[in-house]
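Coordinates as given in work.cif (mmCIF, C-alpha atoms):
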```
data_entry
#
loop_
_atom_site.label_atom_id
_atom_site.label_comp_id
_atom_site.auth_asym_id
_atom_site.auth_seq_id
_atom_site.Cartn_x
_atom_site.Cartn_y
_atom_site.Cartn_z
CA MET A 1 -167.89 27.06 -24.35
CA SER A 2 -171.51 26.38 -25.42
CA GLN A 3 -172.88 22.90 -26.01
CA ILE A 4 -173.58 22.19 -29.68
CA ILE A 5 -174.41 18.44 -29.61
CA LYS A 6 -175.98 16.51 -26.76
CA VAL A 7 -176.62 12.76 -26.71
CA LYS A 8 -178.55 11.29 -23.78
CA ASN A 9 -179.19 7.58 -23.02
CA LEU A 10 -178.96 6.70 -26.72
CA SER A 11 -179.31 3.14 -28.03
CA PHE A 12 -179.45 1.78 -31.56
CA ASN A 13 -179.86 -1.73 -32.86
CA TYR A 14 -179.86 -3.46 -36.23
CA GLU A 15 -182.57 -6.15 -35.90
CA ASP A 16 -181.70 -7.91 -32.61
CA LYS A 17 -178.10 -6.66 -32.29
CA TYR A 18 -177.38 -3.51 -30.32
CA VAL A 19 -174.56 -1.46 -31.85
CA LEU A 20 -174.83 1.36 -29.30
CA LYS A 21 -176.19 0.84 -25.79
CA ASN A 22 -177.32 3.67 -23.53
CA ILE A 23 -174.59 6.15 -24.45
CA SER A 24 -174.43 9.79 -23.37
CA LEU A 25 -172.00 12.47 -24.51
CA ASP A 26 -171.65 16.21 -25.06
CA ILE A 27 -169.77 18.07 -27.78
CA ASN A 28 -169.09 21.79 -27.34
CA LYS A 29 -168.86 24.52 -29.92
CA GLY A 30 -165.30 24.65 -31.23
CA ASP A 31 -164.44 21.06 -30.32
CA PHE A 32 -162.42 18.88 -32.69
CA VAL A 33 -163.65 15.37 -31.89
CA ALA A 34 -162.17 12.10 -33.15
CA PHE A 35 -164.22 8.89 -33.24
CA ILE A 36 -161.94 5.84 -33.00
CA GLY A 37 -162.57 2.14 -32.56
CA PRO A 38 -162.63 -1.22 -34.35
CA ASN A 39 -164.70 -1.75 -37.48
CA GLY A 40 -168.30 -2.42 -36.55
CA SER A 41 -168.03 -0.67 -33.19
CA GLY A 42 -170.67 1.96 -34.03
CA LYS A 43 -168.64 4.97 -35.19
CA SER A 44 -170.42 5.44 -38.52
CA THR A 45 -173.73 4.52 -36.93
CA LEU A 46 -173.45 7.34 -34.40
CA LEU A 47 -172.38 9.78 -37.11
CA LYS A 48 -175.47 8.86 -39.17
CA LEU A 49 -177.66 9.27 -36.10
CA LEU A 50 -176.20 12.75 -35.53
CA ILE A 51 -176.97 13.86 -39.09
CA GLY A 52 -180.46 12.37 -39.06
CA ASP A 53 -179.82 9.54 -41.53
CA LEU A 54 -180.76 6.98 -38.85
CA LYS A 55 -183.26 7.15 -36.00
CA ALA A 56 -182.33 6.01 -32.52
CA THR A 57 -184.03 2.99 -30.99
CA LYS A 58 -184.28 5.00 -27.79
CA GLY A 59 -182.69 8.06 -26.23
CA ARG A 60 -182.33 11.68 -27.26
CA ILE A 61 -180.13 13.74 -29.58
CA GLU A 62 -180.04 17.55 -29.58
CA LEU A 63 -178.33 19.74 -32.18
CA LEU A 64 -177.85 23.42 -31.31
CA GLY A 65 -180.23 22.94 -28.38
CA GLU A 66 -183.03 21.49 -30.53
CA PRO A 67 -184.26 17.86 -30.47
CA ILE A 68 -183.11 16.26 -33.71
CA LYS A 69 -186.65 15.17 -34.64
CA SER A 70 -187.67 18.83 -34.90
CA PHE A 71 -184.30 20.26 -36.01
CA LYS A 72 -184.57 22.25 -39.25
CA GLU A 73 -181.31 24.22 -39.54
CA TRP A 74 -179.53 21.57 -41.59
CA ASP A 75 -177.60 24.23 -43.52
CA LYS A 76 -175.57 24.59 -40.30
CA VAL A 77 -174.54 20.92 -40.51
CA GLY A 78 -171.93 19.78 -43.04
CA TYR A 79 -171.30 16.11 -43.85
CA ILE A 80 -168.63 14.38 -45.92
CA SER A 81 -169.27 10.65 -46.27
CA GLN A 82 -167.09 7.70 -47.18
CA LYS A 83 -168.69 7.75 -50.64
CA VAL A 84 -166.79 10.91 -51.58
CA ARG A 85 -163.72 8.80 -52.34
CA ASP A 86 -165.79 6.83 -54.91
CA PHE A 87 -166.47 9.99 -56.90
CA ASN A 88 -166.81 9.40 -60.66
CA SER A 89 -163.66 11.00 -62.10
CA SER A 90 -165.26 11.21 -65.56
CA PHE A 91 -168.03 13.51 -64.32
CA PRO A 92 -167.74 16.61 -66.58
CA ALA A 93 -168.64 19.34 -64.05
CA THR A 94 -166.22 22.10 -63.12
CA VAL A 95 -165.22 22.97 -59.56
CA LYS A 96 -167.45 26.05 -59.77
CA GLU A 97 -170.43 23.92 -60.83
CA ILE A 98 -169.86 21.35 -58.07
CA ILE A 99 -169.82 24.04 -55.37
CA GLY A 100 -172.56 26.10 -57.02
CA ALA A 101 -174.93 23.12 -56.94
CA ALA A 102 -175.08 23.52 -53.16
CA LEU A 103 -176.53 27.02 -53.72
CA TYR A 104 -179.46 25.86 -55.86
CA GLN A 105 -182.08 27.04 -53.36
CA GLN A 106 -180.54 30.53 -53.36
CA MET A 107 -180.33 30.97 -57.14
CA GLY A 108 -183.76 32.50 -57.65
CA LEU A 109 -186.31 31.87 -60.39
CA PHE A 110 -183.89 31.38 -63.29
CA LYS A 111 -181.41 29.25 -61.32
CA VAL A 112 -178.31 31.23 -62.22
CA LEU A 113 -175.47 32.32 -59.98
CA SER A 114 -175.70 35.96 -58.97
CA LYS A 115 -172.63 38.08 -58.35
CA LYS A 116 -173.22 37.62 -54.62
CA LEU A 117 -173.24 33.82 -54.96
CA GLU A 118 -170.15 33.91 -57.20
CA THR A 119 -168.42 35.83 -54.42
CA LYS A 120 -169.39 33.12 -51.92
CA ILE A 121 -167.83 30.48 -54.18
CA ASP A 122 -164.64 32.54 -54.46
CA ARG A 123 -164.54 32.92 -50.67
CA VAL A 124 -164.77 29.19 -49.89
CA LEU A 125 -162.24 28.32 -52.61
CA GLU A 126 -159.83 30.77 -51.01
CA LEU A 127 -160.46 29.18 -47.60
CA VAL A 128 -159.38 25.78 -48.92
CA ASP A 129 -156.50 27.17 -51.03
CA MET A 130 -158.10 26.11 -54.33
CA SER A 131 -158.85 29.48 -55.96
CA ASP A 132 -156.82 28.62 -59.06
CA TYR A 133 -158.98 25.57 -59.82
CA LYS A 134 -162.39 27.24 -60.11
CA TYR A 135 -162.89 26.39 -63.79
CA GLN A 136 -161.09 23.04 -63.81
CA LYS A 137 -162.99 19.78 -64.25
CA ILE A 138 -163.43 18.02 -60.91
CA GLY A 139 -162.28 14.72 -62.42
CA GLU A 140 -158.91 16.23 -63.34
CA LEU A 141 -158.03 16.89 -59.71
CA SER A 142 -156.10 14.58 -57.40
CA GLY A 143 -157.87 12.80 -54.55
CA GLY A 144 -156.58 15.33 -52.04
CA GLN A 145 -157.67 18.26 -54.21
CA GLN A 146 -161.12 16.75 -54.64
CA GLN A 147 -161.42 16.45 -50.87
CA ARG A 148 -160.71 20.17 -50.56
CA ILE A 149 -163.40 20.97 -53.10
CA PHE A 150 -165.97 18.93 -51.18
CA ILE A 151 -164.94 20.75 -48.01
CA ALA A 152 -165.48 24.02 -49.91
CA ARG A 153 -168.90 22.79 -51.03
CA THR A 154 -169.75 22.08 -47.39
CA LEU A 155 -168.52 25.52 -46.29
CA ILE A 156 -170.73 27.36 -48.78
CA THR A 157 -173.68 27.26 -46.35
CA ASP A 158 -171.61 28.54 -43.39
CA PRO A 159 -171.98 25.41 -41.22
CA GLU A 160 -171.39 25.45 -37.48
CA MET A 161 -170.34 21.78 -37.47
CA ILE A 162 -168.85 19.39 -40.01
CA PHE A 163 -169.01 15.59 -39.76
CA LEU A 164 -166.47 13.49 -41.70
CA ASP A 165 -166.66 9.71 -42.09
CA GLU A 166 -163.13 8.44 -42.83
CA PRO A 167 -162.56 10.92 -45.68
CA LEU A 168 -158.85 10.16 -46.16
CA VAL A 169 -158.84 6.50 -47.18
CA GLY A 170 -156.85 6.18 -50.41
CA VAL A 171 -155.39 9.69 -50.18
CA ASP A 172 -151.59 10.01 -50.20
CA ALA A 173 -149.71 11.00 -47.02
CA LYS A 174 -148.83 14.54 -48.18
CA SER A 175 -152.45 15.26 -49.09
CA GLN A 176 -153.54 13.86 -45.73
CA ASP A 177 -151.19 16.23 -43.91
CA ASP A 178 -152.56 19.16 -45.93
CA PHE A 179 -156.12 18.06 -45.22
CA TYR A 180 -155.54 17.89 -41.47
CA GLN A 181 -153.99 21.35 -41.56
CA LEU A 182 -157.07 22.62 -43.38
CA LEU A 183 -159.41 21.10 -40.80
CA SER A 184 -157.32 22.63 -38.02
CA LYS A 185 -157.62 26.02 -39.71
CA LEU A 186 -161.40 25.72 -40.02
CA ASN A 187 -161.64 24.62 -36.40
CA LYS A 188 -159.30 27.15 -34.80
CA GLU A 189 -159.76 30.20 -37.02
CA LEU A 190 -163.43 29.88 -37.98
CA GLY A 191 -164.62 28.10 -34.84
CA ILE A 192 -166.28 25.27 -36.78
CA THR A 193 -166.90 22.16 -34.70
CA ILE A 194 -165.29 19.12 -36.35
CA VAL A 195 -166.38 15.51 -35.73
CA MET A 196 -164.29 12.98 -37.66
CA ILE A 197 -163.97 9.21 -37.83
CA SER A 198 -160.33 8.17 -38.21
CA HIS A 199 -158.20 5.04 -37.90
CA ASP A 200 -155.00 7.07 -37.59
CA ILE A 201 -154.88 7.56 -33.82
CA TYR A 202 -151.47 9.25 -33.78
CA VAL A 203 -152.33 12.01 -36.24
CA ILE A 204 -155.95 12.62 -35.30
CA SER A 205 -155.04 12.95 -31.62
CA ASP A 206 -152.56 15.67 -32.54
CA GLN A 207 -155.41 17.64 -34.13
CA ALA A 208 -158.36 16.76 -31.91
CA ASN A 209 -159.02 18.00 -28.39
CA LYS A 210 -161.40 15.15 -27.58
CA ILE A 211 -161.18 11.41 -28.39
CA LEU A 212 -164.29 9.21 -28.30
CA CYS A 213 -163.44 5.49 -28.12
CA PHE A 214 -166.02 2.95 -29.29
CA GLY A 215 -166.30 -0.67 -28.20
CA ASP A 216 -168.87 -3.22 -26.97
CA GLY A 217 -171.72 -0.82 -27.68
CA LYS A 218 -170.27 1.88 -25.43
CA VAL A 219 -168.47 5.18 -25.99
CA PHE A 220 -165.76 6.58 -23.71
CA SER A 221 -164.64 10.21 -23.88
CA HIS A 222 -161.02 11.28 -23.31
CA ALA A 223 -159.18 14.56 -23.48
CA ALA A 224 -156.73 14.14 -26.39
CA ASP A 225 -153.71 15.23 -24.34
CA GLU A 226 -154.49 12.55 -21.71
CA PHE A 227 -155.27 9.71 -24.11
CA ASP A 228 -153.25 6.53 -23.47
CA TYR A 229 -152.49 4.92 -26.86
CA ILE A 230 -151.03 1.67 -25.54
CA SER A 231 -153.79 0.97 -23.02
CA TYR A 232 -156.37 1.55 -25.70
CA LEU A 233 -154.61 -0.71 -28.18
CA ASN A 234 -154.31 -3.48 -25.59
CA GLN A 235 -158.00 -3.21 -24.83
CA ILE A 236 -159.06 -3.73 -28.43
CA LYS A 237 -156.33 -6.05 -29.73
CA GLY A 238 -154.94 -7.77 -26.64
CA ASP A 239 -151.87 -7.48 -24.45
CA ASN A 240 -149.55 -8.82 -27.17
CA SER A 241 -150.27 -5.85 -29.44
CA THR A 242 -147.55 -3.37 -30.23
CA LEU A 243 -147.84 0.22 -31.29
CA ILE A 244 -145.53 1.56 -33.98
CA PRO A 245 -143.37 4.34 -32.51
CA LYS A 246 -144.66 7.72 -33.60
CA HIS A 247 -141.52 8.69 -35.50
CA GLN A 248 -141.77 5.46 -37.54
CA HIS A 249 -145.47 5.69 -38.25
CA GLN A 250 -146.39 6.17 -41.90
CA ARG A 251 -150.01 6.81 -42.81
CA GLY A 252 -151.50 3.93 -44.74
CA ASP A 253 -148.88 1.39 -43.59
CA SER A 254 -150.74 0.39 -40.44
CA GLU A 255 -154.06 0.89 -38.77
CA CYS A 256 -154.23 0.57 -35.05
CA CYS A 257 -157.89 -0.27 -34.82
#
```
Would you give me this structure, written as C-alpha cells?
Amino acid sequence: MSQIIKVKNLSFNYEDKYVLKNISLDINKGDFVAFIGPNGSGKSTLLKLLIGDLKATKGRIELLGEPIKSFKEWDKVGYISQKVRDFNSSFPATVKEIIGAALYQQMGLFKVLSKKLETKIDRVLELVDMSDYKYQKIGELSGGQQQRIFIARTLITDPEMIFLDEPLVGVDAKSQDDFYQLLSKLNKELGITIVMISHDIYVISDQANKILCFGDGKVFSHAADEFDYISYLNQIKGDNSTLIPKHQHQRGDSECC
C-alpha cells in the first residue's frame, strides 16, 4: 500500500500556544482515517495544514510524495468543511449548476458544459445515488441530500483523497448512516483515501481502519480494530467517565469527546 500523506516533526502554534507539537504520521493510499479528540485538540488545525490552508510553524508535509509547499495537483484533493452545513438554502442554483461550477476551468472559451462534462456530472450523481435530483434546486434538498451533492461536487475532479471536517453535525441519524455507507463505498470500491474528523467514535471506528487520537498537542495512531474506547475516554474525561453501550448509542444524543 503506497504512502499518500506523510507528516514529519510537524508543529503549529497560534501566537504563543502550540496546538500541535512535533507530530509525525503516515497515511496510505486507500486508508479511511478518523481524527478524534476533544474540542481544541488540533484536529481541524491538522486538516487545514494538510490542505494548505495553514502553514506549519516547523516540520514537513508531503502529499503524493511532493512537499506541500510545491504541491500543485490540488484537483486530486477534495475537501468538505464545516461551513457546508451553513449553506444558504435560498440559493437558487440547481444541483447540476452546483456541481458544474467545479468544472469551470474545463468549460472552454464560452464557459458552457460540453456533452463530455455533462456525462461527468451524470457519473458522479450516480455514484452518490442522486441522479434523480440533477435539475432540482439545491435549497430544496434535505441536509443529508445536500451533503451527497457536495460529495459529488468533490468527486467531479477524480480526487485521490477527500478530507471532511465534521460534515454530519445537524444531519439526522438515517442520513448519517447513508452518508457513512457512501464514504465506505468511495473508499472500498474506488480506492479513495478518506480523512474525516468525527465525534462519533463508535460509528467512525466501524468505518475507519485507522484512528488518530489528538490531545496535549500530540497525535497517537491506532488500528481501528485494536482501539480501546474506554481507555481513551478515561484519558480525556477522567476515570469516572462512562461510555454508552453500543446498542444504546444514538447519534446526536451524546458525544464522547
Checklist entry - What do you get, as a list of chain:residue names, if you spell out every residue that the PyMOL selection byres ((chain A and resi 80) around 6) selects here? => result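 So the PyMOL selection byres ((chain A and resi 80) around 6), applied here, picks out A:Tyr79, A:Ser81, A:Leu164.
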Next on the checklist: I need the output of the PyMOL selection byres ((chain A and resi 57-69) around 6) for this file as a PyMOL selection string; which residues are they?
Outcome noted: chain A and resi 4-12+56+70-71
Checklist entry - Expanded to explicit residues, what is the PyMOL selection byres ((chain A and resi 226) around 12) for this file, as a count of residues only? => result 16
Checklist entry - Which one of A:Gly144, A:Ile98, A:Asp158, A:Asn39 sits closest to Tyr180 (chain A) if you count only C-alpha atoms? => result A:Gly144
Checklist entry - Between A:Ser198, A:Lys134, A:Ile204, A:Gln146, which is the closest to Ser184 (chain A) once you count all atoms listed in the file? => result A:Ile204
Item to check | Test item: which residues lie within 10 Å of (-175.2, -0.5, -30.8) counting all atoms listed in the file, as a VMD selection string | outcome: chain A and resid 10 to 14 17 to 23 40 to 43 45 to 46 56 to 57 214 to 218
Checklist outcome for this item: Students should find that CA of Trp74 (chain A) and CA of Ile197 (chain A) are spaced 20.2 Å
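Atom to atom, CA of Gly100 (chain A) and CA of Arg153 (chain A) stand 7.8 Å apart.
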Item to check | Residue list as a list in words for point (-159.2, 21.7, -37.3), cut-off 10 Å, all atoms listed in the file | outcome: Gly30, Asp31, Phe32, Val33, Phe179, Tyr180, Gln181, Leu182, Leu183, Ser184, Lys185, Leu186, Asn187, Lys188, Glu189, Leu190, Gly191, Ile192, Thr193, Ile194, Val195, Ile204, Gln207, Ala208 and Asn209 of chain A
Checklist entry - How many Å lie between CA of Val128 (chain A) and CA of Leu141 (chain A), rounded to one decimal? => result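 Computed distance, CA of Val128 (chain A) to CA of Leu141 (chain A), equals 14.0 Å.
Among A:Glu160, A:Asp75, A:Asp129, A:Glu118, the residue with the shortest atom-to-atom distance to Lys29 (chain A), counting all atoms listed in the file, is A:Glu160.
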